[in-house]
Structures are given as C-alpha cells and as structure tokens.
>>> print(open('target.txt').read())   # compact mmCIF, C-alpha atoms
# COMPACT_ATOMS: atom_id res chain seq x y z
CA MET K 1 23.17 74.92 45.10
CA ALA K 2 23.19 77.05 48.25
CA ALA K 3 23.36 80.81 47.82
CA PRO K 4 26.74 82.39 48.68
CA PRO K 5 26.94 84.37 51.91
CA SER K 6 26.30 88.10 51.72
CA SER K 7 29.37 90.32 51.43
CA ALA K 8 27.78 92.88 53.73
CA ILE K 9 27.46 92.88 57.47
CA GLY K 10 23.75 92.32 57.59
CA PHE K 11 22.31 92.73 61.06
CA ASP K 12 19.44 94.84 59.75
CA LEU K 13 15.82 93.73 59.45
CA ARG K 14 16.17 92.35 55.93
CA ALA K 15 19.32 90.38 56.78
CA LEU K 16 17.74 88.94 59.92
CA GLN K 17 14.69 87.86 57.93
CA GLY K 18 17.01 86.20 55.41
CA LEU K 19 18.79 84.29 58.19
CA GLN K 20 15.45 83.16 59.63
CA ALA K 21 14.31 81.88 56.23
CA ARG K 22 17.57 80.00 55.73
CA ALA K 23 17.39 78.50 59.23
CA ALA K 24 14.07 76.86 58.32
CA THR K 25 15.55 75.04 55.32
CA ASP K 26 19.28 74.78 56.04
CA PRO K 27 20.06 75.36 59.74
CA LYS K 28 23.77 74.61 59.37
CA ALA K 29 24.15 77.23 56.64
CA ALA K 30 22.27 79.74 58.79
CA VAL K 31 24.55 79.03 61.76
CA ARG K 32 27.61 79.42 59.53
CA GLU K 33 26.39 82.77 58.19
CA ALA K 34 25.44 84.04 61.67
CA ALA K 35 28.90 83.12 62.96
CA ARG K 36 30.54 84.86 60.00
CA GLN K 37 28.54 88.04 60.58
CA PHE K 38 29.33 88.04 64.28
CA GLU K 39 33.02 87.74 63.49
CA ALA K 40 32.69 90.54 60.93
CA LEU K 41 31.15 92.83 63.54
CA PHE K 42 33.92 91.94 65.97
CA MET K 43 36.59 92.60 63.34
CA GLN K 44 34.99 95.93 62.43
CA GLU K 45 35.18 97.06 66.05
CA LEU K 46 38.77 95.84 66.20
CA VAL K 47 39.75 97.78 63.06
CA LYS K 48 37.91 100.82 64.39
CA SER K 49 39.86 100.64 67.64
CA MET K 50 43.14 100.31 65.76
CA ARG K 51 42.27 103.35 63.67
CA ALA K 52 41.48 105.34 66.84
CA THR K 53 44.90 104.53 68.31
CA THR K 54 46.78 105.56 65.17
CA LEU K 55 44.94 108.83 64.47
CA GLU K 56 44.79 111.70 66.97
CA GLN K 57 41.23 112.45 65.95
CA SER K 58 38.66 110.92 63.69
CA LEU K 59 38.30 112.17 60.15
CA PRO K 60 35.68 114.94 59.83
CA GLY K 61 32.61 114.80 57.64
CA GLU K 62 32.77 112.62 54.54
CA GLY K 63 36.24 111.41 55.54
CA ALA K 64 34.86 109.81 58.67
CA LEU K 65 32.10 108.12 56.66
CA ALA K 66 34.64 106.81 54.15
CA GLY K 67 36.81 105.50 56.98
CA SER K 68 33.85 103.70 58.51
CA MET K 69 32.93 102.12 55.18
CA LEU K 70 36.54 101.05 54.66
CA ASP K 71 36.59 99.50 58.14
CA GLN K 72 33.44 97.55 57.30
CA GLN K 73 34.92 96.34 54.01
CA PHE K 74 38.12 95.15 55.72
CA ALA K 75 36.12 93.41 58.44
CA THR K 76 33.93 91.60 55.89
CA GLN K 77 36.97 90.39 53.96
CA LEU K 78 38.70 89.14 57.12
CA ALA K 79 35.64 87.33 58.50
CA GLY K 80 35.03 83.70 57.65
CA LEU K 81 38.65 82.75 56.97
CA PRO K 82 39.64 79.14 57.84
CA GLY K 83 40.68 78.80 61.46
CA GLY K 84 39.10 82.13 62.39
CA LEU K 85 36.75 83.14 65.17
CA SER K 86 33.67 82.28 63.12
CA GLU K 87 34.63 78.57 63.05
CA ALA K 88 34.74 78.43 66.85
CA ILE K 89 31.42 80.29 67.11
CA GLN K 90 29.86 77.99 64.51
CA LYS K 91 30.95 74.82 66.33
CA GLN K 92 29.62 76.11 69.66
CA LEU K 93 26.26 77.09 68.14
CA GLU K 94 25.93 73.73 66.38
CA ARG K 95 26.58 71.86 69.64
CA GLN K 96 24.00 73.96 71.50
CA MET K 97 21.42 73.43 68.74
CA GLY K 98 22.08 69.67 68.56
CA LEU K 99 23.40 69.87 64.99
CA ALA K 100 26.80 68.45 65.99
CA PRO K 101 26.34 66.16 69.01
CA GLY K 102 29.90 64.92 69.14
CA PRO K 103 31.39 61.46 68.78
CA ILE K 104 29.28 58.38 69.42
CA PRO K 105 30.94 55.11 70.42
CA ALA K 106 31.23 52.94 67.33
CA THR K 107 29.67 49.49 67.25
CA PRO K 108 31.79 46.97 65.32
CA ARG K 109 29.77 45.44 62.50
CA ALA K 110 30.84 41.93 63.46
CA ALA K 111 29.44 42.35 66.96
CA GLU K 112 26.03 44.00 66.50
CA PRO K 113 23.41 43.79 69.27
CA ALA K 114 21.21 40.73 69.09
CA VAL K 115 18.10 42.56 67.94
CA LEU K 116 19.66 45.10 65.58
CA PRO K 117 17.99 44.91 62.14
CA GLU K 118 19.61 45.58 58.80
CA SER K 119 20.78 49.17 58.24
CA LYS K 120 18.04 51.56 57.15
CA PRO K 121 18.32 55.14 55.80
CA THR K 122 18.43 57.88 58.42
CA ARG K 123 15.12 59.68 58.88
CA ILE K 124 14.57 63.20 60.20
CA PRO K 125 14.54 64.11 63.09
CA GLN K 126 16.88 61.28 64.06
CA ARG K 127 20.01 62.36 62.17
CA GLY K 128 21.76 63.53 65.31
CA ALA K 129 22.19 61.91 68.70
CA ALA K 130 21.05 65.09 70.47
CA GLY K 131 17.92 65.16 68.33
CA PHE K 132 17.25 61.50 69.16
CA ILE K 133 17.48 62.27 72.88
CA GLU K 134 15.15 65.26 72.66
CA GLN K 135 12.66 63.33 70.53
CA HIS K 136 12.24 60.47 73.02
CA SER K 137 12.79 62.17 76.38
CA ALA K 138 9.09 62.70 77.18
CA ALA K 139 8.15 59.06 76.49
CA ALA K 140 11.19 57.90 78.48
CA ARG K 141 10.14 60.00 81.48
CA ALA K 142 6.68 58.43 81.36
CA ALA K 143 8.29 54.97 81.36
CA GLU K 144 10.52 56.03 84.25
CA ARG K 145 7.44 56.78 86.34
CA GLN K 146 6.23 53.22 85.70
CA THR K 147 9.50 51.37 86.29
CA GLY K 148 11.89 53.54 88.28
CA ILE K 149 14.51 53.08 85.55
CA PRO K 150 16.14 56.46 84.80
CA ALA K 151 14.81 57.92 81.55
CA SER K 152 18.34 58.53 80.28
CA PHE K 153 19.14 54.80 80.62
CA MET K 154 16.13 53.83 78.51
CA VAL K 155 16.86 56.46 75.86
CA ALA K 156 20.41 55.10 75.70
CA GLN K 157 19.17 51.53 75.28
CA ALA K 158 16.84 52.67 72.48
CA ALA K 159 19.83 54.42 70.89
CA LEU K 160 21.91 51.24 71.09
CA GLU K 161 19.14 49.05 69.67
CA THR K 162 18.45 51.40 66.75
CA GLY K 163 21.86 52.92 66.09
CA TRP K 164 20.57 56.34 67.25
CA GLY K 165 17.52 55.92 65.02
CA ARG K 166 19.45 54.96 61.89
CA LYS K 167 18.55 51.24 62.06
CA GLU K 168 14.98 51.16 63.27
CA ILE K 169 12.93 48.05 62.54
CA ASN K 170 10.70 48.60 59.51
CA HIS K 171 7.97 46.55 57.86
CA ALA K 172 8.62 44.95 54.49
CA ASP K 173 7.01 47.94 52.75
CA GLY K 174 9.38 50.35 54.54
CA SER K 175 6.82 51.71 56.99
CA PRO K 176 8.05 52.05 60.58
CA SER K 177 7.27 49.55 63.31
CA TYR K 178 8.24 52.11 66.00
CA ASN K 179 9.97 49.27 67.90
CA LEU K 180 12.86 51.04 69.66
CA PHE K 181 13.90 48.20 71.97
CA GLY K 182 13.99 45.20 69.66
CA ILE K 183 11.27 43.39 71.59
CA LYS K 184 10.32 40.21 69.76
CA ALA K 185 6.79 39.03 69.11
CA GLY K 186 6.40 35.85 71.14
CA PRO K 187 3.42 33.46 71.15
CA GLY K 188 1.51 35.71 73.56
CA TRP K 189 1.76 38.83 71.41
CA ARG K 190 -1.57 39.80 69.77
CA GLY K 191 -0.50 43.00 68.05
CA ALA K 192 1.07 43.80 64.69
CA VAL K 193 4.36 42.18 63.70
CA ALA K 194 7.38 43.17 61.59
CA GLU K 195 9.64 40.46 60.17
CA VAL K 196 13.25 41.49 59.56
CA THR K 197 16.69 39.99 59.20
CA THR K 198 18.72 40.48 62.35
CA THR K 199 21.87 39.23 64.05
CA GLU K 200 21.78 36.63 66.82
CA PHE K 201 24.80 35.26 68.66
CA VAL K 202 24.87 31.46 68.80
CA GLY K 203 27.80 30.05 70.72
CA GLY K 204 29.34 33.52 70.74
CA LYS K 205 29.28 33.77 66.95
CA PRO K 206 26.98 36.18 65.03
CA GLN K 207 24.45 34.64 62.66
CA LYS K 208 21.84 36.25 60.42
CA VAL K 209 18.29 35.09 61.11
CA VAL K 210 14.76 36.23 60.24
CA ALA K 211 12.86 37.21 63.38
CA ARG K 212 9.40 38.56 64.26
CA PHE K 213 9.29 41.83 66.22
CA ARG K 214 6.43 43.66 67.85
CA ALA K 215 5.07 46.67 65.94
CA TYR K 216 3.45 49.74 67.48
CA GLY K 217 1.53 52.81 66.44
CA SER K 218 4.09 55.25 67.83
CA HIS K 219 7.43 55.47 69.62
CA ALA K 220 5.57 56.34 72.82
CA GLU K 221 3.78 52.96 72.61
CA SER K 222 7.18 51.28 72.28
CA PHE K 223 8.40 52.91 75.51
CA ALA K 224 5.15 51.98 77.27
CA ASP K 225 5.40 48.34 76.19
CA TYR K 226 9.05 48.23 77.27
CA ALA K 227 8.00 49.59 80.69
CA ARG K 228 5.34 46.86 81.00
CA LEU K 229 7.88 44.20 80.10
CA MET K 230 10.37 45.42 82.69
CA LYS K 231 7.73 45.84 85.39
CA ASP K 232 5.64 42.71 84.86
CA SER K 233 8.19 40.06 83.88
CA PRO K 234 9.83 38.24 86.83
CA ARG K 235 12.84 37.79 84.58
CA TYR K 236 13.66 41.52 84.78
CA GLN K 237 12.98 42.19 88.45
CA PRO K 238 16.74 42.11 89.22
CA VAL K 239 17.19 44.76 86.51
CA LEU K 240 14.74 47.09 88.27
CA ALA K 241 16.48 46.46 91.58
CA ALA K 242 19.87 47.40 90.09
CA ALA K 243 18.65 50.35 87.97
CA GLY K 244 20.11 52.90 90.38
CA SER K 245 23.42 52.77 88.49
CA ALA K 246 24.28 52.58 84.81
CA THR K 247 26.56 49.59 85.40
CA GLY K 248 23.95 47.72 87.41
CA PHE K 249 21.27 48.36 84.80
CA ALA K 250 23.44 47.31 81.84
CA GLU K 251 24.84 44.21 83.52
CA GLY K 252 21.40 43.26 84.84
CA LEU K 253 19.96 43.27 81.32
CA GLN K 254 22.77 41.07 80.04
CA LYS K 255 22.43 38.60 82.92
CA ALA K 256 18.68 38.44 82.33
CA GLY K 257 19.34 37.48 78.70
CA TYR K 258 17.84 40.58 77.11
CA ALA K 259 20.30 40.18 74.21
CA THR K 260 22.57 37.38 73.04
CA ASP K 261 25.49 39.72 72.31
CA PRO K 262 28.17 38.90 74.91
CA ALA K 263 29.36 42.53 74.85
CA TYR K 264 25.87 44.02 75.30
CA ALA K 265 26.44 45.42 78.80
CA ASP K 266 29.71 47.08 77.82
CA LYS K 267 28.17 48.66 74.72
CA LEU K 268 25.12 49.86 76.62
CA GLY K 269 27.29 51.37 79.35
CA ARG K 270 29.20 53.42 76.76
CA VAL K 271 26.01 54.66 75.12
CA ILE K 272 24.57 55.62 78.52
CA ASN K 273 27.67 57.72 79.19
CA THR K 274 27.28 59.41 75.79
CA THR K 275 23.60 60.08 76.46
CA LEU K 276 24.28 61.63 79.86
CA ARG K 277 27.02 63.84 78.37
CA LEU K 278 24.72 65.04 75.59
CA GLN K 279 21.89 65.72 78.01
CA ARG K 280 24.19 67.91 80.09
CA SER K 281 25.21 69.87 76.97
CA LEU K 282 21.57 70.36 76.00
CA GLN K 283 20.83 71.86 79.41
CA VAL K 284 23.64 74.46 79.17
>>> encode(input="target.txt", output="structure tokens")
Amino acid sequence: MAAPPSSAIGFDLRALQGLQARAATDPKAAVREAARQFEALFMQELVKSMRATTLEQSLPGEGALAGSMLDQQFATQLAGLPGGLSEAIQKQLERQMGLAPGPIPATPRAAEPAVLPESKPTRIPQRGAAGFIEQHSAAARAAERQTGIPASFMVAQAALETGWGRKEINHADGSPSYNLFGIKAGPGWRGAVAEVTTTEFVGGKPQKVVARFRAYGSHAESFADYARLMKDSPRYQPVLAAAGSATGFAEGLQKAGYATDPAYADKLGRVINTTLRLQRSLQV
C-alpha cells in the first residue's frame, strides 16, 4: 500500500529527497505529490495575500508567526481537492513525462493486422505509447538513413504490428523474438524462428493460423532487417518512392501486400498521426 501524502508543505531538502525516492519506484505518485505541494504553495501565497488586504498591518512577533502557520495549514487542507489546480498540474506533468500519452486509435479485435500475434502481457518500458516511441527512435533513425523512410513512419508501423509493444511476438517459452514488424521466416531465412498463432485474412475474413516469424537478438536488429527488406526487395520499391507522405507510405505497403488486412493502410495512417502528435508533445 502506498504511503499517504505528507500533510506538510515539504519543499525542504528532506521532502525533495523523499520525492526523488518515490519517483524511482512510483513516478505517478511522485508527480501527484509534487502537483499537490505546488498547489499548496500557491494557495498559501493566495491566503497570505488575502490576509494582507484585510489587515492594515501584519501581526507583530508571535502573532505573525501564528498567522503564517495558520496560512500554511489552510493551504495544505485546500490543496489536492478533486477538480483543483493540482489535477491540472498533474495531468500536464504526466503528459510531458510520457506517463499519460493520450488516446490511441483502437483496433477492432475482429480486424487485427495480418501479422499480429496473440495478446501478451505488457512489459516495461512499453506500457505507454510515448515510452514506446522514445525506446525505438534511435533504431528507427538508423533505418531511415538506410531507406529514406521517415523514422516516425517506421515507429508507427512497429506500434501497429505490436499494439504499442503489448502484443510482441514471443517464443513458446515466453522469451522475446524482438520482431517488431511481423516479418515472417520464409525459405531463405537462416536465423532463429518463433512460431505463434496469428490472424490472416483469407477472402476478407480473419482466420487463426500458426505462422513462423523471424527472431532477432534485439529490437535494433529488427529495424535493421526491416530496412534491408524495404531496400533490397523489388516488391517494396514503390513504397520507398512514395515514403514522402504518410498516406503514400501506408497505401504503398498495402498495395505491395505487406499485410492481408484490407484496412491495413487506414489503420497505419491513424497510428502515424498519433505517433507524430506524441513526438511533438515530447519535444515541448
């Protein structure tokens, strides 16, 4: 059970150290407490100003000290109430820290992407969309240098294929395959393989099948292999040519048969828009 927030306004050394320790184990609780303390400080100044306008002069000596302590007590009691300033501060801090990335377009269960495996438990650090973007941005930029496809487009496609990291392809023993793009292991593949149940669309209707997917040693290897596929396969040359726009990229992949889902381009376009919006918020 989490410890209750302090009843004091604690921007002293000990309180700051306590917030730092909490941030390491429970960042949302730390953000909530920081927002509450900021509101308490604001309310204390507000009460102090109100007292100054109602009294001709401040109370002398011990009276002034008592008034200050009373102001602090009032401010602490008023801070953290539902609908107060601390809630707005908390939401803004969570967005900036990637703890609350905002809504993600939902994918209907009856129309999953062609290479989406069965749902797997969420693994840190992929619980949030913003965290997913930050985690894979460097590998995506390296792939961009190889293909010319914007890094944000590839991160978005990885997000679509894995449900923002919640449905990554795993081996039978639960270990990760690091396959972010659902690339299957064809006859020419000489690397490791993961066999999973996935959804394919046959005649426009979803069907569960067991398929073999490529397995890698890291997510960076997955991006690198995806870049090789896009660059070296004649099948995807039109995709590279149209990668200057999100619509061209998404529609090019669907036309090239990257997935059997008839709504793949539309879904990918929505996730690209979400990715671009989150990237802008992370840069603020």
>>> closest_residue(input="target.txt", among="K:Asn273, K:Thr162, K:Gln283, K:Ser49", to="Ser245 (chain K)", atoms="all atoms listed in the file")
K:Asn273
>>> atom_distance(input="target.txt", atom1="CA of Gly182 (chain K)", atom2="CA of Arg214 (chain K)")
7.9 Å
>>> closest_residue(input="target.txt", among="K:Ala192, K:Ala29, K:Val239, K:Ala34", to="Ile89 (chain K)", atoms="all atoms listed in the file")
K:Ala34
>>> closest_atom_pairs(input="target.txt", of="region 113-209 of chain K", to="region 219-227 of chain K", cutoff="10 Å", atoms="only C-alpha atoms", output="tab-separated table")
residue	atom	partner	partner_atom	distance
K:Gln135	CA	K:His219	CA	9.5
K:His136	CA	K:His219	CA	7.7
K:Ser137	CA	K:Ala220	CA	9.9
K:Ala138	CA	K:Ala220	CA	8.5
K:Ala139	CA	K:Ala220	CA	5.2
K:Ala140	CA	K:Phe223	CA	6.4
K:Arg141	CA	K:Phe223	CA	9.4
K:Ala142	CA	K:Ala224	CA	7.8
K:Ala143	CA	K:Ala227	CA	5.4
K:Glu144	CA	K:Ala227	CA	7.8
K:Arg145	CA	K:Ala227	CA	9.2
K:Gln146	CA	K:Ala227	CA	6.4
K:Thr147	CA	K:Ala227	CA	6.1
K:Gly148	CA	K:Ala227	CA	9.4
K:Ile149	CA	K:Ala227	CA	8.8
K:Met154	CA	K:Phe223	CA	8.3
K:Val155	CA	K:Phe223	CA	9.2
K:Ala158	CA	K:Phe223	CA	9.0
K:Pro176	CA	K:His219	CA	9.7
K:Ser177	CA	K:His219	CA	8.7
K:Tyr178	CA	K:His219	CA	5.0
K:Asn179	CA	K:Ser222	CA	5.6
K:Leu180	CA	K:Ser222	CA	6.3
K:Phe181	CA	K:Tyr226	CA	7.2
K:Gly182	CA	K:Ser222	CA	9.5
K:Ile183	CA	K:Tyr226	CA	7.8
>>> residues_around(input="target.txt", residues="Gln254 (chain K)", least_positions_apart="6", cutoff="8 Å", atoms="all atoms listed in the file", output="compact mmCIF listing (two decimals) with C-alpha atoms, in the coordinates of the input")
# COMPACT_ATOMS: atom_id res chain seq x y z
CA THR K 260 22.57 37.38 73.04
CA PRO K 262 28.17 38.90 74.91
CA TYR K 264 25.87 44.02 75.30
CA ALA K 265 26.44 45.42 78.80
>>> atom_distance(input="target.txt", atom1="CA of Gln157 (chain K)", atom2="CA of Lys267 (chain K)")
9.5 Å
